[in-house]
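Enquirer: model.cif is reproduced in full below (mmCIF, N, CA and C atoms).
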data_final
loop_
_atom_site.group_PDB
_atom_site.id
_atom_site.type_symbol
_atom_site.label_atom_id
_atom_site.label_comp_id
_atom_site.auth_asym_id
_atom_site.auth_seq_id
_atom_site.Cartn_x
_atom_site.Cartn_y
_atom_site.Cartn_z
ATOM 1 N N MET A 825 107.977 71.429 104.702
ATOM 2 C CA MET A 825 108.447 70.722 105.872
ATOM 3 C C MET A 825 108.098 71.564 107.097
ATOM 4 N N ASN A 826 107.519 70.946 108.135
ATOM 5 C CA ASN A 826 107.153 71.717 109.315
ATOM 6 C C ASN A 826 108.336 71.864 110.260
ATOM 7 N N ALA A 827 108.175 72.705 111.275
ATOM 8 C CA ALA A 827 109.268 72.994 112.190
ATOM 9 C C ALA A 827 109.704 71.747 112.941
ATOM 10 N N HIS A 828 108.755 70.883 113.261
ATOM 11 C CA HIS A 828 109.097 69.666 113.994
ATOM 12 C C HIS A 828 109.981 68.750 113.149
ATOM 13 N N ALA A 829 109.638 68.594 111.891
ATOM 14 C CA ALA A 829 110.430 67.752 110.998
ATOM 15 C C ALA A 829 111.823 68.330 110.800
ATOM 16 N N GLU A 830 111.925 69.653 110.773
ATOM 17 C CA GLU A 830 113.223 70.286 110.598
ATOM 18 C C GLU A 830 114.055 70.249 111.869
ATOM 19 N N SER A 831 113.412 70.012 113.015
ATOM 20 C CA SER A 831 114.127 70.080 114.284
ATOM 21 C C SER A 831 115.277 69.093 114.348
ATOM 22 N N THR A 832 115.185 67.993 113.638
ATOM 23 C CA THR A 832 116.273 67.017 113.637
ATOM 24 C C THR A 832 117.452 67.490 112.806
ATOM 25 N N LYS A 833 117.241 68.490 111.956
ATOM 26 C CA LYS A 833 118.302 68.992 111.090
ATOM 27 C C LYS A 833 118.892 70.315 111.586
ATOM 28 N N ARG A 834 118.356 70.861 112.662
ATOM 29 C CA ARG A 834 118.817 72.168 113.126
ATOM 30 C C ARG A 834 120.250 72.123 113.615
ATOM 31 N N SER A 835 120.992 73.159 113.285
ATOM 32 C CA SER A 835 122.343 73.268 113.804
ATOM 33 C C SER A 835 122.634 74.671 114.318
ATOM 34 N N ASP A 836 121.869 75.645 113.888
ATOM 35 C CA ASP A 836 122.086 77.024 114.324
ATOM 36 C C ASP A 836 121.174 77.334 115.506
ATOM 37 N N ARG A 837 121.642 78.234 116.327
ATOM 38 C CA ARG A 837 120.875 78.620 117.504
ATOM 39 C C ARG A 837 120.753 80.143 117.515
ATOM 40 N N ILE A 838 119.586 80.625 117.893
ATOM 41 C CA ILE A 838 119.410 82.066 118.074
ATOM 42 C C ILE A 838 118.834 82.302 119.464
ATOM 43 N N ALA A 839 119.048 83.492 119.977
ATOM 44 C CA ALA A 839 118.498 83.864 121.280
ATOM 45 C C ALA A 839 117.968 85.284 121.164
ATOM 46 N N ALA A 840 116.903 85.548 121.866
ATOM 47 C CA ALA A 840 116.323 86.897 121.826
ATOM 48 C C ALA A 840 115.688 87.219 123.169
ATOM 49 N N ARG A 841 115.815 88.435 123.569
ATOM 50 C CA ARG A 841 115.123 88.910 124.772
ATOM 51 C C ARG A 841 113.880 89.646 124.297
ATOM 52 N N VAL A 842 112.724 89.252 124.844
ATOM 53 C CA VAL A 842 111.464 89.876 124.470
ATOM 54 C C VAL A 842 110.721 90.279 125.728
ATOM 55 N N PRO A 843 109.880 91.304 125.624
ATOM 56 C CA PRO A 843 109.076 91.689 126.784
ATOM 57 C C PRO A 843 108.206 90.513 127.251
ATOM 58 N N HIS A 844 108.001 90.435 128.550
ATOM 59 C CA HIS A 844 107.264 89.333 129.158
ATOM 60 C C HIS A 844 105.886 89.150 128.514
ATOM 61 N N GLY A 845 105.178 90.232 128.281
ATOM 62 C CA GLY A 845 103.841 90.147 127.698
ATOM 63 C C GLY A 845 103.835 89.516 126.316
ATOM 64 N N ILE A 846 104.836 89.820 125.526
ATOM 65 C CA ILE A 846 104.940 89.237 124.187
ATOM 66 C C ILE A 846 105.204 87.744 124.293
ATOM 67 N N LYS A 847 106.125 87.367 125.184
ATOM 68 C CA LYS A 847 106.409 85.941 125.359
ATOM 69 C C LYS A 847 105.166 85.194 125.815
ATOM 70 N N GLU A 848 104.401 85.783 126.708
ATOM 71 C CA GLU A 848 103.171 85.141 127.180
ATOM 72 C C GLU A 848 102.179 84.961 126.025
ATOM 73 N N ASN A 849 102.078 85.955 125.147
ATOM 74 C CA ASN A 849 101.212 85.838 123.966
ATOM 75 C C ASN A 849 101.674 84.681 123.081
ATOM 76 N N TRP A 850 102.971 84.585 122.866
ATOM 77 C CA TRP A 850 103.513 83.516 122.035
ATOM 78 C C TRP A 850 103.233 82.144 122.649
ATOM 79 N N ILE A 851 103.418 82.044 123.949
ATOM 80 C CA ILE A 851 103.168 80.770 124.635
ATOM 81 C C ILE A 851 101.706 80.372 124.479
ATOM 82 N N ARG A 852 100.816 81.329 124.697
ATOM 83 C CA ARG A 852 99.383 81.045 124.584
ATOM 84 C C ARG A 852 99.015 80.623 123.157
ATOM 85 N N ALA A 853 99.533 81.349 122.180
ATOM 86 C CA ALA A 853 99.251 81.021 120.777
ATOM 87 C C ALA A 853 99.823 79.648 120.419
ATOM 88 N N ALA A 854 101.019 79.348 120.885
ATOM 89 C CA ALA A 854 101.626 78.040 120.621
ATOM 90 C C ALA A 854 100.772 76.928 121.214
ATOM 91 N N GLU A 855 100.285 77.137 122.430
ATOM 92 C CA GLU A 855 99.424 76.135 123.070
ATOM 93 C C GLU A 855 98.147 75.926 122.273
ATOM 94 N N LEU A 856 97.556 77.003 121.780
ATOM 95 C CA LEU A 856 96.342 76.892 120.982
ATOM 96 C C LEU A 856 96.577 76.097 119.699
ATOM 97 N N ARG A 857 97.784 76.172 119.175
ATOM 98 C CA ARG A 857 98.127 75.440 117.954
ATOM 99 C C ARG A 857 98.706 74.054 118.247
ATOM 100 N N GLY A 858 98.904 73.750 119.514
ATOM 101 C CA GLY A 858 99.480 72.460 119.867
ATOM 102 C C GLY A 858 100.951 72.369 119.523
ATOM 103 N N GLN A 859 101.655 73.490 119.594
ATOM 104 C CA GLN A 859 103.077 73.537 119.259
ATOM 105 C C GLN A 859 103.883 73.944 120.482
ATOM 106 N N SER A 860 105.161 73.616 120.418
ATOM 107 C CA SER A 860 106.063 74.150 121.437
ATOM 108 C C SER A 860 106.299 75.620 121.121
ATOM 109 N N LEU A 861 106.782 76.358 122.090
ATOM 110 C CA LEU A 861 107.092 77.770 121.853
ATOM 111 C C LEU A 861 108.145 77.895 120.755
ATOM 112 N N THR A 862 109.154 77.041 120.795
ATOM 113 C CA THR A 862 110.211 77.086 119.778
ATOM 114 C C THR A 862 109.640 76.863 118.381
ATOM 115 N N ASP A 863 108.824 75.813 118.234
ATOM 116 C CA ASP A 863 108.243 75.542 116.918
ATOM 117 C C ASP A 863 107.347 76.686 116.465
ATOM 118 N N PHE A 864 106.576 77.246 117.388
ATOM 119 C CA PHE A 864 105.689 78.358 117.037
ATOM 120 C C PHE A 864 106.506 79.542 116.510
ATOM 121 N N VAL A 865 107.567 79.893 117.211
ATOM 122 C CA VAL A 865 108.384 81.041 116.802
ATOM 123 C C VAL A 865 109.060 80.767 115.457
ATOM 124 N N ILE A 866 109.560 79.551 115.251
ATOM 125 C CA ILE A 866 110.214 79.215 113.983
ATOM 126 C C ILE A 866 109.218 79.302 112.826
ATOM 127 N N VAL A 867 108.046 78.698 113.010
ATOM 128 C CA VAL A 867 107.040 78.708 111.942
ATOM 129 C C VAL A 867 106.588 80.143 111.650
ATOM 130 N N ALA A 868 106.323 80.924 112.700
ATOM 131 C CA ALA A 868 105.851 82.300 112.506
ATOM 132 C C ALA A 868 106.918 83.163 111.829
ATOM 133 N N ALA A 869 108.165 83.043 112.273
ATOM 134 C CA ALA A 869 109.242 83.837 111.678
ATOM 135 C C ALA A 869 109.470 83.439 110.224
ATOM 136 N N ASN A 870 109.403 82.145 109.938
ATOM 137 C CA ASN A 870 109.602 81.696 108.566
ATOM 138 C C ASN A 870 108.458 82.160 107.667
ATOM 139 N N ALA A 871 107.230 82.118 108.172
ATOM 140 C CA ALA A 871 106.088 82.603 107.392
ATOM 141 C C ALA A 871 106.264 84.089 107.061
ATOM 142 N N MET A 872 106.753 84.856 108.015
ATOM 143 C CA MET A 872 106.985 86.283 107.772
ATOM 144 C C MET A 872 108.108 86.470 106.754
ATOM 145 N N ALA A 873 109.135 85.635 106.802
ATOM 146 C CA ALA A 873 110.227 85.720 105.835
ATOM 147 C C ALA A 873 109.715 85.434 104.424
ATOM 148 N N VAL A 874 108.924 84.383 104.279
ATOM 149 C CA VAL A 874 108.374 84.030 102.965
ATOM 150 C C VAL A 874 107.501 85.158 102.430
ATOM 151 N N GLU A 875 106.660 85.724 103.276
ATOM 152 C CA GLU A 875 105.804 86.842 102.857
ATOM 153 C C GLU A 875 106.648 88.039 102.436
ATOM 154 N N THR A 876 107.717 88.312 103.160
ATOM 155 C CA THR A 876 108.613 89.422 102.825
ATOM 156 C C THR A 876 109.243 89.201 101.458
ATOM 157 N N PHE A 877 109.683 87.952 101.175
ATOM 158 C CA PHE A 877 110.255 87.640 99.863
ATOM 159 C C PHE A 877 109.221 87.871 98.769
ATOM 160 N N ARG A 878 107.991 87.429 99.005
ATOM 161 C CA ARG A 878 106.930 87.602 98.000
ATOM 162 C C ARG A 878 106.678 89.078 97.732
ATOM 163 N N GLU A 879 106.638 89.884 98.777
ATOM 164 C CA GLU A 879 106.398 91.317 98.609
ATOM 165 C C GLU A 879 107.490 91.965 97.774
ATOM 166 N N HIS A 880 108.730 91.545 97.967
ATOM 167 C CA HIS A 880 109.841 92.165 97.256
ATOM 168 C C HIS A 880 110.015 91.623 95.854
ATOM 169 N N GLU A 881 109.454 90.456 95.568
ATOM 170 C CA GLU A 881 109.552 89.888 94.232
ATOM 171 C C GLU A 881 108.411 90.336 93.332
ATOM 172 N N ARG A 882 107.325 90.783 93.915
ATOM 173 C CA ARG A 882 106.151 91.171 93.154
ATOM 174 C C ARG A 882 106.375 92.535 92.513
ATOM 175 N N ILE A 883 106.006 92.627 91.264
ATOM 176 C CA ILE A 883 106.091 93.902 90.548
ATOM 177 C C ILE A 883 104.696 94.511 90.535
ATOM 178 N N GLU A 884 104.608 95.713 91.023
ATOM 179 C CA GLU A 884 103.313 96.390 91.041
ATOM 180 C C GLU A 884 103.352 97.573 90.082
ATOM 181 N N LEU A 885 102.380 97.595 89.201
ATOM 182 C CA LEU A 885 102.282 98.678 88.231
ATOM 183 C C LEU A 885 101.043 99.512 88.503
ATOM 184 N N SER A 886 101.165 100.795 88.252
ATOM 185 C CA SER A 886 99.986 101.648 88.352
ATOM 186 C C SER A 886 99.027 101.261 87.237
ATOM 187 N N ARG A 887 97.795 101.684 87.338
ATOM 188 C CA ARG A 887 96.793 101.387 86.308
ATOM 189 C C ARG A 887 97.266 101.896 84.951
ATOM 190 N N GLN A 888 97.831 103.096 84.945
ATOM 191 C CA GLN A 888 98.324 103.693 83.700
ATOM 192 C C GLN A 888 99.458 102.843 83.115
ATOM 193 N N ASP A 889 100.377 102.360 83.967
ATOM 194 C CA ASP A 889 101.477 101.523 83.491
ATOM 195 C C ASP A 889 100.971 100.174 82.991
ATOM 196 N N GLN A 890 99.936 99.624 83.613
ATOM 197 C CA GLN A 890 99.354 98.362 83.165
ATOM 198 C C GLN A 890 98.803 98.506 81.745
ATOM 199 N N ILE A 891 98.109 99.603 81.519
ATOM 200 C CA ILE A 891 97.525 99.858 80.207
ATOM 201 C C ILE A 891 98.629 100.022 79.165
ATOM 202 N N LYS A 892 99.667 100.790 79.509
ATOM 203 C CA LYS A 892 100.774 101.015 78.581
ATOM 204 C C LYS A 892 101.475 99.697 78.248
ATOM 205 N N LEU A 893 101.710 98.844 79.259
ATOM 206 C CA LEU A 893 102.354 97.557 79.030
ATOM 207 C C LEU A 893 101.498 96.679 78.117
ATOM 208 N N ALA A 894 100.205 96.631 78.392
ATOM 209 C CA ALA A 894 99.303 95.817 77.561
ATOM 210 C C ALA A 894 99.308 96.317 76.112
ATOM 211 N N GLU A 895 99.274 97.620 75.938
ATOM 212 C CA GLU A 895 99.299 98.174 74.578
ATOM 213 C C GLU A 895 100.594 97.834 73.853
ATOM 214 N N MET A 896 101.711 97.875 74.573
ATOM 215 C CA MET A 896 102.999 97.552 73.951
ATOM 216 C C MET A 896 103.102 96.066 73.615
ATOM 217 N N LEU A 897 102.464 95.215 74.423
ATOM 218 C CA LEU A 897 102.477 93.781 74.117
ATOM 219 C C LEU A 897 101.595 93.469 72.910
ATOM 220 N N ILE A 898 100.463 94.174 72.819
ATOM 221 C CA ILE A 898 99.546 93.957 71.699
ATOM 222 C C ILE A 898 100.112 94.554 70.417
ATOM 223 N N ASN A 899 100.667 95.743 70.522
ATOM 224 C CA ASN A 899 101.237 96.445 69.369
ATOM 225 C C ASN A 899 102.677 96.846 69.690
ATOM 226 N N PRO A 900 103.625 95.906 69.572
ATOM 227 C CA PRO A 900 105.008 96.248 69.916
ATOM 228 C C PRO A 900 105.566 97.320 68.993
ATOM 229 N N PRO A 901 106.437 98.172 69.527
ATOM 230 C CA PRO A 901 107.022 99.216 68.680
ATOM 231 C C PRO A 901 107.968 98.602 67.646
ATOM 232 N N GLU A 902 108.185 99.331 66.561
ATOM 233 C CA GLU A 902 109.103 98.906 65.501
ATOM 234 C C GLU A 902 110.517 98.835 66.073
ATOM 235 N N LEU A 903 111.265 97.778 65.710
ATOM 236 C CA LEU A 903 112.643 97.658 66.165
ATOM 237 C C LEU A 903 113.519 98.669 65.438
ATOM 238 N N SER A 904 114.458 99.242 66.150
ATOM 239 C CA SER A 904 115.418 100.154 65.533
ATOM 240 C C SER A 904 116.374 99.335 64.683
ATOM 241 N N GLU A 905 117.092 99.996 63.788
ATOM 242 C CA GLU A 905 118.068 99.308 62.938
ATOM 243 C C GLU A 905 119.126 98.622 63.793
ATOM 244 N N ARG A 906 119.567 99.301 64.811
ATOM 245 C CA ARG A 906 120.594 98.738 65.695
ATOM 246 C C ARG A 906 120.067 97.470 66.377
ATOM 247 N N MET A 907 118.822 97.488 66.805
ATOM 248 C CA MET A 907 118.224 96.329 67.453
ATOM 249 C C MET A 907 118.059 95.188 66.444
ATOM 250 N N LYS A 908 117.665 95.517 65.215
ATOM 251 C CA LYS A 908 117.536 94.491 64.177
ATOM 252 C C LYS A 908 118.874 93.814 63.904
ATOM 253 N N GLN A 909 119.951 94.611 63.849
ATOM 254 C CA GLN A 909 121.281 94.052 63.613
ATOM 255 C C GLN A 909 121.706 93.149 64.778
ATOM 256 N N ALA A 910 121.446 93.582 65.988
ATOM 257 C CA ALA A 910 121.797 92.785 67.163
ATOM 258 C C ALA A 910 121.023 91.470 67.174
ATOM 259 N N LEU A 911 119.758 91.529 66.818
ATOM 260 C CA LEU A 911 118.922 90.330 66.773
ATOM 261 C C LEU A 911 119.414 89.375 65.686
ATOM 262 N N LYS A 912 119.750 89.928 64.527
ATOM 263 C CA LYS A 912 120.257 89.100 63.425
ATOM 264 C C LYS A 912 121.566 88.423 63.842
ATOM 265 N N LYS A 913 122.451 89.176 64.503
ATOM 266 C CA LYS A 913 123.727 88.631 64.971
ATOM 267 C C LYS A 913 123.485 87.528 66.000
ATOM 268 N N ARG A 914 122.560 87.755 66.882
ATOM 269 C CA ARG A 914 122.247 86.765 67.926
ATOM 270 C C ARG A 914 121.671 85.494 67.313
ATOM 271 N N MET A 915 120.781 85.659 66.362
ATOM 272 C CA MET A 915 120.144 84.504 65.718
ATOM 273 C C MET A 915 121.194 83.684 64.942
ATOM 274 N N SER A 916 122.129 84.361 64.267
ATOM 275 C CA SER A 916 123.135 83.621 63.503
ATOM 276 C C SER A 916 124.120 82.918 64.440
ATOM 277 N N SER A 917 124.441 83.527 65.565
ATOM 278 C CA SER A 917 125.356 82.860 66.514
ATOM 279 C C SER A 917 124.648 81.723 67.255
ATOM 280 N N ALA A 918 123.347 81.822 67.450
ATOM 281 C CA ALA A 918 122.586 80.747 68.100
ATOM 282 C C ALA A 918 122.514 79.531 67.192
ATOM 283 N N GLY A 919 122.470 79.742 65.901
ATOM 284 C CA GLY A 919 122.425 78.643 64.947
ATOM 285 C C GLY A 919 123.762 77.917 64.861
ATOM 286 N N ALA A 920 124.860 78.619 65.183
ATOM 287 C CA ALA A 920 126.182 78.015 65.121
ATOM 288 C C ALA A 920 126.461 77.129 66.341
ATOM 289 N N GLU A 921 125.687 77.269 67.387
ATOM 290 C CA GLU A 921 125.939 76.506 68.620
ATOM 291 C C GLU A 921 125.455 75.109 68.553
#
Let's see the structure in the file written out as structure tokens.

Expert:
Amino acid sequence: MNAHAESTKRSDRIAARVPHGIKENWIRAAELRGQSLTDFVIVAANAMAVETFREHERIELSRQDQIKLAEMLINPPELSERMKQALKKRMSSAGAE
């Protein structure tokens, strides 16, 4: 949903003081995109929020960790007795449900 479509659903208001030069940049960029300043700021801030969420949700492994993970998936380690018992208990309780 774009900022314009959401504008009919808005209920919260924010205010910010920004240096004049930054505001002028935003106005110019909004004009180039055919957007109002408000819509431009909402879309840009939301895009940055989404990118921030993606960065924090992504798991990054070193090359060495990638190799170790792949090896463990291909050749999983033997389950300990305690793990086997827990798995057996879980499987029997899942069948009772």

Enquirer: Please evaluate the PyMOL selection byres (((chain A and resi 868-885 and name CA) around 12) and name CA) against the displayed coordinates and give the resulting residues as a PyMOL selection string.

Expert: chain A and resi 825-827+850+853-854+857+859+861-867+886-894

Enquirer: Could you write out, as a PyMOL selection string, all the residues of chain A that DSSP marks as helix (DSSP H, G or I)?

Expert: chain A and resi 827-833+844-857+861-881+887-898+905-920

Enquirer: Using Å and a single decimal, report how far CA of Glu895 in chain A sits from CA of Met907 in chain A.

Expert: 20.3 Å

Enquirer: Would you mind reading off the distance between CA of Lys833 in chain A and CA of Lys847 in chain A, one decimal, in Å?

Expert: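 So the two atoms, CA of Lys833 in chain A and CA of Lys847 in chain A, lie 25.1 Å apart.
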
Enquirer: Could you jot down the CA of Ala839 in chain A to CA of Ser860 in chain A separation for me, Å, one decimal place?

Expert: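 If I compute the distance from CA of Ala839 in chain A to CA of Ser860 in chain A, I get 15.8 Å.
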